[in-house]
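Here the structure is laid out as structure tokens; the discussion comes afterwards.
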Amino acid sequence: MRACIDIGGTKVSVSLNDAARPRELLARRHEPTAVTGTPDAVALQCIRMVDQACAELGVDPIVVQHAAVAAPGPFVLGGGLTELATPNICGGLPGSGRQLPNDWRTALLEAPLLRRFARVRVENDAVAALEAERRWGALQGADHCAYVTWSTGVGCGLCVGGRVLRGKHGNAGHLGHTFATDDSTAVCGCGNVGDIEALAAGNAIARRFGMPAAELFAAARRGEVPALSIVDEISRVVGRALYNITALLDLQRISLGGGVFLHNHDLLLPRLQAEVRGRLPTLTQGCELVVAGLGDRVGDYAAVALLD
Ligand SMILES: [Zn+2]
């Protein structure tokens, strides 16, 4: 038995997995993410939830020694071990957007987990989703590929030559925080002005255009011209980001997920494809954009896809 842990800004999901049935999630449970107490509170919450899942299944917790964790970035290393520097969890970060009841500069993760489990693998949640899409979704058989989530934020997992890219701290693929414009009205939660997330993510749509994303897309579907031009604008921002990673990494396939994209792929996919296709065809011709094969369940399979 292995432990699968998905940490989000609002909730933590934990399940157990039997090595003989790699895609099955057992005794799955969710809780709001711990944001009070000591900086190891999230890790201790995960450990308690794993032990509770063991109790539910009648499994001795001692047999669960391997844990896979999908977590939001950015990561920092403390003593060589991964800690979370996530603005939605750590209230002590400069410019932290939310009023959080803690002053953590990081949330300890790998170190406390290694006191409980013999083996721990922590990856950025978009990297974990990429692994899930490569194993069971739309990226099967693709050695040069990316998974891009367009949701509350914008994130990305990258794979070149069959190797998933991690970077020096496990932060490779923070596509949402790459710059796109000088627009001083587009301020990201990370502090950047004019990055992709500040221009086009779900929360940016509400902030910049004065209506929730769902309302915007409904108006666009009714053919309302102002809404359609906003959809064109944000598609150009994200589409250019997709072009950029295709040109940088010579990709063959990009799988797209996340709430904003999945609920509106009828409107968004053709626009995104138009931003990539036809531009420097030598680089873009062999690259296809597709809807995530696992659909809105990509997140459910993120952590379990990290187990080998
Ligand atoms: Zn940012």
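Numbering starts fresh at 1 for the residues of each chain in the structure tokens, the chains themselves are lettered A, B, ... in the order given, and ligands are numbered from 1 as they appear.
Selection of all polymer residues within 8 Å of ligand 1 on the basis of only C-alpha atoms and all ligand atoms gives Gly176, His177, Thr178, Val187, Cys188, Gly189, Cys190, Gly191, Asn192, Val193, Asp195, Ile196, Glu197 and Ala198 of chain A.
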Exercise. Do you know which residues are at most 8 Å from stretch 133-147 of chain A counting only C-alpha atoms, after dropping those on the same chain fewer than 6 positions away, and could you put them as a ChimeraX atom specification?
Worked result: /A:126-127,156-163,249-257,290-294,298,305
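Here the question is which of A:Gly8, A:Gly202, A:Gly173, A:Gly299 gets nearest to A:Asn264 using only C-alpha atoms, and that residue is A:Gly202.
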Problem set entry | A:Arg271 surroundings by only C-alpha atoms, 8 Å radius, close-in-sequence under 6 positions cut, as a list of chain:residue names | A:Asp232, A:Ser235, A:Arg236, A:Gly239
Save the residues we just selected, all heavy atoms, as an mmCIF file, in the first residue's frame?
```
data_model
loop_
_atom_site.group_PDB
_atom_site.id
_atom_site.type_symbol
_atom_site.label_atom_id
_atom_site.label_comp_id
_atom_site.auth_asym_id
_atom_site.auth_seq_id
_atom_site.Cartn_x
_atom_site.Cartn_y
_atom_site.Cartn_z
ATOM 1 N N ASP A 232 -11.159 36.546 -27.164
ATOM 2 C CA ASP A 232 -10.058 36.599 -28.138
ATOM 3 C C ASP A 232 -8.767 37.071 -27.460
ATOM 4 O O ASP A 232 -7.692 36.507 -27.674
ATOM 5 C CB ASP A 232 -10.385 37.575 -29.278
ATOM 6 C CG ASP A 232 -11.433 37.009 -30.237
ATOM 7 O OD1 ASP A 232 -11.642 35.776 -30.219
ATOM 8 O OD2 ASP A 232 -12.052 37.796 -30.974
ATOM 9 N N SER A 235 -7.321 34.483 -25.052
ATOM 10 C CA SER A 235 -6.832 33.340 -25.837
ATOM 11 C C SER A 235 -5.511 33.671 -26.508
ATOM 12 O O SER A 235 -4.643 32.803 -26.663
ATOM 13 C CB SER A 235 -7.849 32.949 -26.915
ATOM 14 O OG SER A 235 -9.059 32.546 -26.324
ATOM 15 N N ARG A 236 -5.354 34.951 -26.914
ATOM 16 C CA ARG A 236 -4.091 35.354 -27.530
ATOM 17 C C ARG A 236 -2.959 35.269 -26.507
ATOM 18 O O ARG A 236 -1.869 34.797 -26.809
ATOM 19 C CB ARG A 236 -4.216 36.772 -28.092
ATOM 20 C CG ARG A 236 -3.135 37.144 -29.080
ATOM 21 C CD ARG A 236 -3.597 38.262 -30.013
ATOM 22 N NE ARG A 236 -4.153 39.389 -29.276
ATOM 23 C CZ ARG A 236 -5.403 39.834 -29.387
ATOM 24 N NH1 ARG A 236 -6.248 39.260 -30.204
ATOM 25 N NH2 ARG A 236 -5.813 40.855 -28.674
ATOM 26 N N GLY A 239 -2.471 31.504 -25.841
ATOM 27 C CA GLY A 239 -2.021 30.893 -27.097
ATOM 28 C C GLY A 239 -0.569 31.226 -27.405
ATOM 29 O O GLY A 239 0.200 30.379 -27.867
#
```
Write out as a PDB file with N, CA and C atoms, in the first residue's frame the set of residues from stretch 8-244 of chain A that DSSP, computed on the backbone, places in strand (DSSP E).
```pdb
ATOM      1  N   LYS A  11      -7.932  22.701  -0.272  1.00  0.00           N
ATOM      2  CA  LYS A  11      -8.180  21.402   0.351  1.00  0.00           C
ATOM      3  C   LYS A  11      -7.032  20.434   0.159  1.00  0.00           C
ATOM      4  N   VAL A  12      -6.988  19.453   1.053  1.00  0.00           N
ATOM      5  CA  VAL A  12      -6.028  18.357   0.969  1.00  0.00           C
ATOM      6  C   VAL A  12      -6.818  17.074   0.709  1.00  0.00           C
ATOM      7  N   SER A  13      -6.391  16.287  -0.274  1.00  0.00           N
ATOM      8  CA  SER A  13      -7.021  14.991  -0.557  1.00  0.00           C
ATOM      9  C   SER A  13      -5.987  13.896  -0.348  1.00  0.00           C
ATOM     10  N   VAL A  14      -6.405  12.829   0.315  1.00  0.00           N
ATOM     11  CA  VAL A  14      -5.498  11.719   0.602  1.00  0.00           C
ATOM     12  C   VAL A  14      -6.202  10.417   0.261  1.00  0.00           C
ATOM     13  N   SER A  15      -5.461   9.481  -0.325  1.00  0.00           N
ATOM     14  CA  SER A  15      -6.004   8.144  -0.533  1.00  0.00           C
ATOM     15  C   SER A  15      -4.876   7.132  -0.460  1.00  0.00           C
ATOM     16  N   LEU A  16      -5.242   5.870  -0.420  1.00  0.00           N
ATOM     17  CA  LEU A  16      -4.244   4.806  -0.466  1.00  0.00           C
ATOM     18  C   LEU A  16      -4.346   4.129  -1.822  1.00  0.00           C
ATOM     19  N   ASN A  17      -3.231   3.495  -2.214  1.00  0.00           N
ATOM     20  CA  ASN A  17      -3.187   2.821  -3.499  1.00  0.00           C
ATOM     21  C   ASN A  17      -2.462   1.494  -3.344  1.00  0.00           C
ATOM     22  N   LEU A  26      -8.083   4.364  -2.931  1.00  0.00           N
ATOM     23  CA  LEU A  26      -8.840   3.716  -1.858  1.00  0.00           C
ATOM     24  C   LEU A  26      -8.955   4.655  -0.659  1.00  0.00           C
ATOM     25  N   ALA A  27     -10.096   4.554   0.033  1.00  0.00           N
ATOM     26  CA  ALA A  27     -10.329   5.327   1.281  1.00  0.00           C
ATOM     27  C   ALA A  27     -10.037   6.808   1.088  1.00  0.00           C
ATOM     28  N   ARG A  28     -10.475   7.347  -0.040  1.00  0.00           N
ATOM     29  CA  ARG A  28     -10.190   8.760  -0.367  1.00  0.00           C
ATOM     30  C   ARG A  28     -10.918   9.679   0.601  1.00  0.00           C
ATOM     31  N   ARG A  29     -10.236  10.717   1.041  1.00  0.00           N
ATOM     32  CA  ARG A  29     -10.813  11.688   1.977  1.00  0.00           C
ATOM     33  C   ARG A  29     -10.287  13.087   1.679  1.00  0.00           C
ATOM     34  N   HIS A  30     -11.068  14.092   2.023  1.00  0.00           N
ATOM     35  CA  HIS A  30     -10.698  15.498   1.785  1.00  0.00           C
ATOM     36  C   HIS A  30     -10.876  16.286   3.073  1.00  0.00           C
ATOM     37  N   GLU A  31     -10.032  17.301   3.252  1.00  0.00           N
ATOM     38  CA  GLU A  31     -10.183  18.252   4.366  1.00  0.00           C
ATOM     39  C   GLU A  31      -9.730  19.615   3.881  1.00  0.00           C
ATOM     40  N   PRO A  32     -10.246  20.702   4.484  1.00  0.00           N
ATOM     41  CA  PRO A  32      -9.671  22.018   4.194  1.00  0.00           C
ATOM     42  C   PRO A  32      -8.190  22.025   4.580  1.00  0.00           C
ATOM     43  N   HIS A  66       5.616   4.477   1.436  1.00  0.00           N
ATOM     44  CA  HIS A  66       5.922   5.219   0.202  1.00  0.00           C
ATOM     45  C   HIS A  66       4.803   6.243   0.004  1.00  0.00           C
ATOM     46  N   ALA A  67       5.173   7.516  -0.091  1.00  0.00           N
ATOM     47  CA  ALA A  67       4.165   8.556  -0.277  1.00  0.00           C
ATOM     48  C   ALA A  67       4.509   9.410  -1.491  1.00  0.00           C
ATOM     49  N   ALA A  68       3.483   9.685  -2.313  1.00  0.00           N
ATOM     50  CA  ALA A  68       3.633  10.598  -3.449  1.00  0.00           C
ATOM     51  C   ALA A  68       2.779  11.820  -3.171  1.00  0.00           C
ATOM     52  N   VAL A  69       3.362  12.995  -3.406  1.00  0.00           N
ATOM     53  CA  VAL A  69       2.680  14.235  -3.059  1.00  0.00           C
ATOM     54  C   VAL A  69       2.655  15.177  -4.262  1.00  0.00           C
ATOM     55  N   ALA A  70       1.444  15.612  -4.644  1.00  0.00           N
ATOM     56  CA  ALA A  70       1.295  16.672  -5.648  1.00  0.00           C
ATOM     57  C   ALA A  70       0.914  17.936  -4.891  1.00  0.00           C
ATOM     58  N   ALA A  71       1.698  19.009  -5.087  1.00  0.00           N
ATOM     59  CA  ALA A  71       1.486  20.212  -4.278  1.00  0.00           C
ATOM     60  C   ALA A  71       1.669  21.467  -5.139  1.00  0.00           C
ATOM     61  N   PHE A  75       8.207  25.932  -4.924  1.00  0.00           N
ATOM     62  CA  PHE A  75       8.928  25.200  -3.883  1.00  0.00           C
ATOM     63  C   PHE A  75      10.218  25.936  -3.546  1.00  0.00           C
ATOM     64  N   VAL A  76      10.652  25.783  -2.294  1.00  0.00           N
ATOM     65  CA  VAL A  76      12.014  26.153  -1.939  1.00  0.00           C
ATOM     66  C   VAL A  76      12.629  24.951  -1.233  1.00  0.00           C
ATOM     67  N   LEU A  77      13.951  24.907  -1.186  1.00  0.00           N
ATOM     68  CA  LEU A  77      14.609  23.813  -0.491  1.00  0.00           C
ATOM     69  C   LEU A  77      15.115  24.296   0.858  1.00  0.00           C
ATOM     70  N   GLY A  78      14.827  23.503   1.902  1.00  0.00           N
ATOM     71  CA  GLY A  78      15.381  23.754   3.224  1.00  0.00           C
ATOM     72  C   GLY A  78      16.181  22.521   3.611  1.00  0.00           C
ATOM     73  N   LEU A  81      15.577  19.670   1.295  1.00  0.00           N
ATOM     74  CA  LEU A  81      14.248  19.046   1.235  1.00  0.00           C
ATOM     75  C   LEU A  81      13.190  20.082   0.873  1.00  0.00           C
ATOM     76  N   THR A  82      12.165  19.620   0.133  1.00  0.00           N
ATOM     77  CA  THR A  82      11.172  20.530  -0.428  1.00  0.00           C
ATOM     78  C   THR A  82      10.244  21.114   0.628  1.00  0.00           C
ATOM     79  N   GLU A  83      10.099  22.447   0.568  1.00  0.00           N
ATOM     80  CA  GLU A  83       9.115  23.167   1.389  1.00  0.00           C
ATOM     81  C   GLU A  83       8.244  23.975   0.438  1.00  0.00           C
ATOM     82  N   LEU A  84       7.017  24.292   0.872  1.00  0.00           N
ATOM     83  CA  LEU A  84       6.107  25.066   0.030  1.00  0.00           C
ATOM     84  C   LEU A  84       6.242  26.549   0.351  1.00  0.00           C
ATOM     85  N   ALA A 107       5.849  26.350   4.245  1.00  0.00           N
ATOM     86  CA  ALA A 107       5.217  25.224   4.935  1.00  0.00           C
ATOM     87  C   ALA A 107       6.142  24.026   4.754  1.00  0.00           C
ATOM     88  N   LEU A 108       6.632  23.483   5.863  1.00  0.00           N
ATOM     89  CA  LEU A 108       7.536  22.330   5.795  1.00  0.00           C
ATOM     90  C   LEU A 108       6.774  21.154   5.220  1.00  0.00           C
ATOM     91  N   ARG A 119       9.996   6.520   1.859  1.00  0.00           N
ATOM     92  CA  ARG A 119      10.184   7.111   0.518  1.00  0.00           C
ATOM     93  C   ARG A 119       9.128   8.165   0.277  1.00  0.00           C
ATOM     94  N   VAL A 120       9.565   9.345  -0.153  1.00  0.00           N
ATOM     95  CA  VAL A 120       8.632  10.446  -0.434  1.00  0.00           C
ATOM     96  C   VAL A 120       9.006  11.057  -1.772  1.00  0.00           C
ATOM     97  N   ARG A 121       8.019  11.280  -2.642  1.00  0.00           N
ATOM     98  CA  ARG A 121       8.260  12.033  -3.878  1.00  0.00           C
ATOM     99  C   ARG A 121       7.297  13.213  -3.917  1.00  0.00           C
ATOM    100  N   VAL A 122       7.839  14.420  -3.951  1.00  0.00           N
ATOM    101  CA  VAL A 122       7.022  15.635  -4.013  1.00  0.00           C
ATOM    102  C   VAL A 122       7.199  16.264  -5.387  1.00  0.00           C
ATOM    103  N   GLU A 123       6.083  16.565  -6.068  1.00  0.00           N
ATOM    104  CA  GLU A 123       6.169  17.269  -7.345  1.00  0.00           C
ATOM    105  C   GLU A 123       5.127  18.379  -7.383  1.00  0.00           C
ATOM    106  N   ASN A 124       5.427  19.375  -8.173  1.00  0.00           N
ATOM    107  CA  ASN A 124       4.454  20.414  -8.480  1.00  0.00           C
ATOM    108  C   ASN A 124       3.182  19.766  -9.047  1.00  0.00           C
ATOM    109  N   CYS A 145       6.282  16.687 -24.758  1.00  0.00           N
ATOM    110  CA  CYS A 145       4.898  17.099 -24.518  1.00  0.00           C
ATOM    111  C   CYS A 145       4.788  18.009 -23.296  1.00  0.00           C
ATOM    112  N   ALA A 146       3.610  18.603 -23.146  1.00  0.00           N
ATOM    113  CA  ALA A 146       3.335  19.457 -21.991  1.00  0.00           C
ATOM    114  C   ALA A 146       1.893  19.278 -21.570  1.00  0.00           C
ATOM    115  N   TYR A 147       1.652  19.463 -20.284  1.00  0.00           N
ATOM    116  CA  TYR A 147       0.288  19.597 -19.785  1.00  0.00           C
ATOM    117  C   TYR A 147       0.159  21.027 -19.274  1.00  0.00           C
ATOM    118  N   VAL A 148      -0.884  21.711 -19.722  1.00  0.00           N
ATOM    119  CA  VAL A 148      -1.098  23.089 -19.283  1.00  0.00           C
ATOM    120  C   VAL A 148      -2.460  23.187 -18.619  1.00  0.00           C
ATOM    121  N   THR A 149      -2.488  23.715 -17.402  1.00  0.00           N
ATOM    122  CA  THR A 149      -3.762  23.932 -16.719  1.00  0.00           C
ATOM    123  C   THR A 149      -4.090  25.420 -16.752  1.00  0.00           C
ATOM    124  N   TRP A 150      -5.328  25.708 -17.211  1.00  0.00           N
ATOM    125  CA  TRP A 150      -5.830  27.085 -17.265  1.00  0.00           C
ATOM    126  C   TRP A 150      -7.042  27.122 -16.340  1.00  0.00           C
ATOM    127  N   VAL A 154      -2.488  29.585 -13.793  1.00  0.00           N
ATOM    128  CA  VAL A 154      -2.026  28.936 -15.026  1.00  0.00           C
ATOM    129  C   VAL A 154      -0.725  28.219 -14.690  1.00  0.00           C
ATOM    130  N   GLY A 155      -0.693  26.909 -14.949  1.00  0.00           N
ATOM    131  CA  GLY A 155       0.502  26.131 -14.626  1.00  0.00           C
ATOM    132  C   GLY A 155       0.817  25.155 -15.732  1.00  0.00           C
ATOM    133  N   CYS A 156       1.987  24.527 -15.629  1.00  0.00           N
ATOM    134  CA  CYS A 156       2.455  23.710 -16.739  1.00  0.00           C
ATOM    135  C   CYS A 156       3.431  22.645 -16.256  1.00  0.00           C
ATOM    136  N   GLY A 157       3.342  21.461 -16.857  1.00  0.00           N
ATOM    137  CA  GLY A 157       4.345  20.422 -16.667  1.00  0.00           C
ATOM    138  C   GLY A 157       4.952  20.123 -18.031  1.00  0.00           C
ATOM    139  N   LEU A 158       6.266  19.915 -18.072  1.00  0.00           N
ATOM    140  CA  LEU A 158       6.983  19.779 -19.345  1.00  0.00           C
ATOM    141  C   LEU A 158       7.759  18.468 -19.402  1.00  0.00           C
ATOM    142  N   CYS A 159       7.810  17.887 -20.601  1.00  0.00           N
ATOM    143  CA  CYS A 159       8.539  16.632 -20.796  1.00  0.00           C
ATOM    144  C   CYS A 159       9.255  16.697 -22.138  1.00  0.00           C
ATOM    145  N   VAL A 160      10.555  16.456 -22.136  1.00  0.00           N
ATOM    146  CA  VAL A 160      11.337  16.478 -23.373  1.00  0.00           C
ATOM    147  C   VAL A 160      12.167  15.193 -23.436  1.00  0.00           C
ATOM    148  N   ARG A 163      11.791  12.704 -20.689  1.00  0.00           N
ATOM    149  CA  ARG A 163      12.186  13.094 -19.319  1.00  0.00           C
ATOM    150  C   ARG A 163      11.372  14.275 -18.843  1.00  0.00           C
ATOM    151  N   VAL A 164      10.714  14.114 -17.718  1.00  0.00           N
ATOM    152  CA  VAL A 164       9.944  15.206 -17.133  1.00  0.00           C
ATOM    153  C   VAL A 164      10.917  16.223 -16.538  1.00  0.00           C
TER     154      VAL A 164
END
```
For this session: Per DSSP on the backbone, filter stretch 136-273 of chain A down to the residues in helix (DSSP H, G or I) and report them as number ranges by chain.
Result: A: 136, 175-177, 196-200, 202-209, 213-221, 225-249, 259-263, 265-273
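For the choices A:Arg277, A:His263, A:Arg222, A:Arg115, the atom-to-atom distance to A:Ala247 is smallest for A:Arg277 when using only C-alpha atoms.
From atom CA of A:Thr10 back to atom CA of A:Pro61, the distance works out to 26.1 Å.
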For this session: Show which residues sit within 12 Å of A:Ala20, as an NGL selection string. Count only C-alpha atoms, and ignore same-chain residues fewer than 5 positions away.
Result: :A and (1-2 or 25 or 307-308)
For this session: Tell me which protein, DNA and RNA residues are within 12 Å of stretch 205-209 of chain A, counting only C-alpha atoms, leaving out same-chain ones fewer than 2 positions away, and put them as a PyMOL selection string.
Result: chain A and resi 150-153+183-189+194+196-203+211-217+226-227+229-231+233-235+260
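Reported to one decimal place, the separation of atom CA of A:Ile62 from atom CA of A:Gly37 is 26.2 Å.
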Problem set entry | Residues near A:Trp104, cut-off 10 Å, only C-alpha atoms, skip fewer than 2 positions along chain, as a VMD selection string | chain A and resid 35 to 40 84 to 87 89 to 93 100 to 102 106 to 108
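Restricting the calculation to only C-alpha atoms, the smallest distance between A:Ala128 and any of A:Ala180, A:Asp51, A:Leu306, A:Val225 is found for A:Leu306.
Candidate residues A:His169, A:Arg240, A:Arg105, A:Arg297 were compared for distance to A:Gly80, and the nearest is A:His169, using only C-alpha atoms.
Here atom CA of A:Ile245 and atom CA of A:Leu269 stand 16.6 Å from one another.
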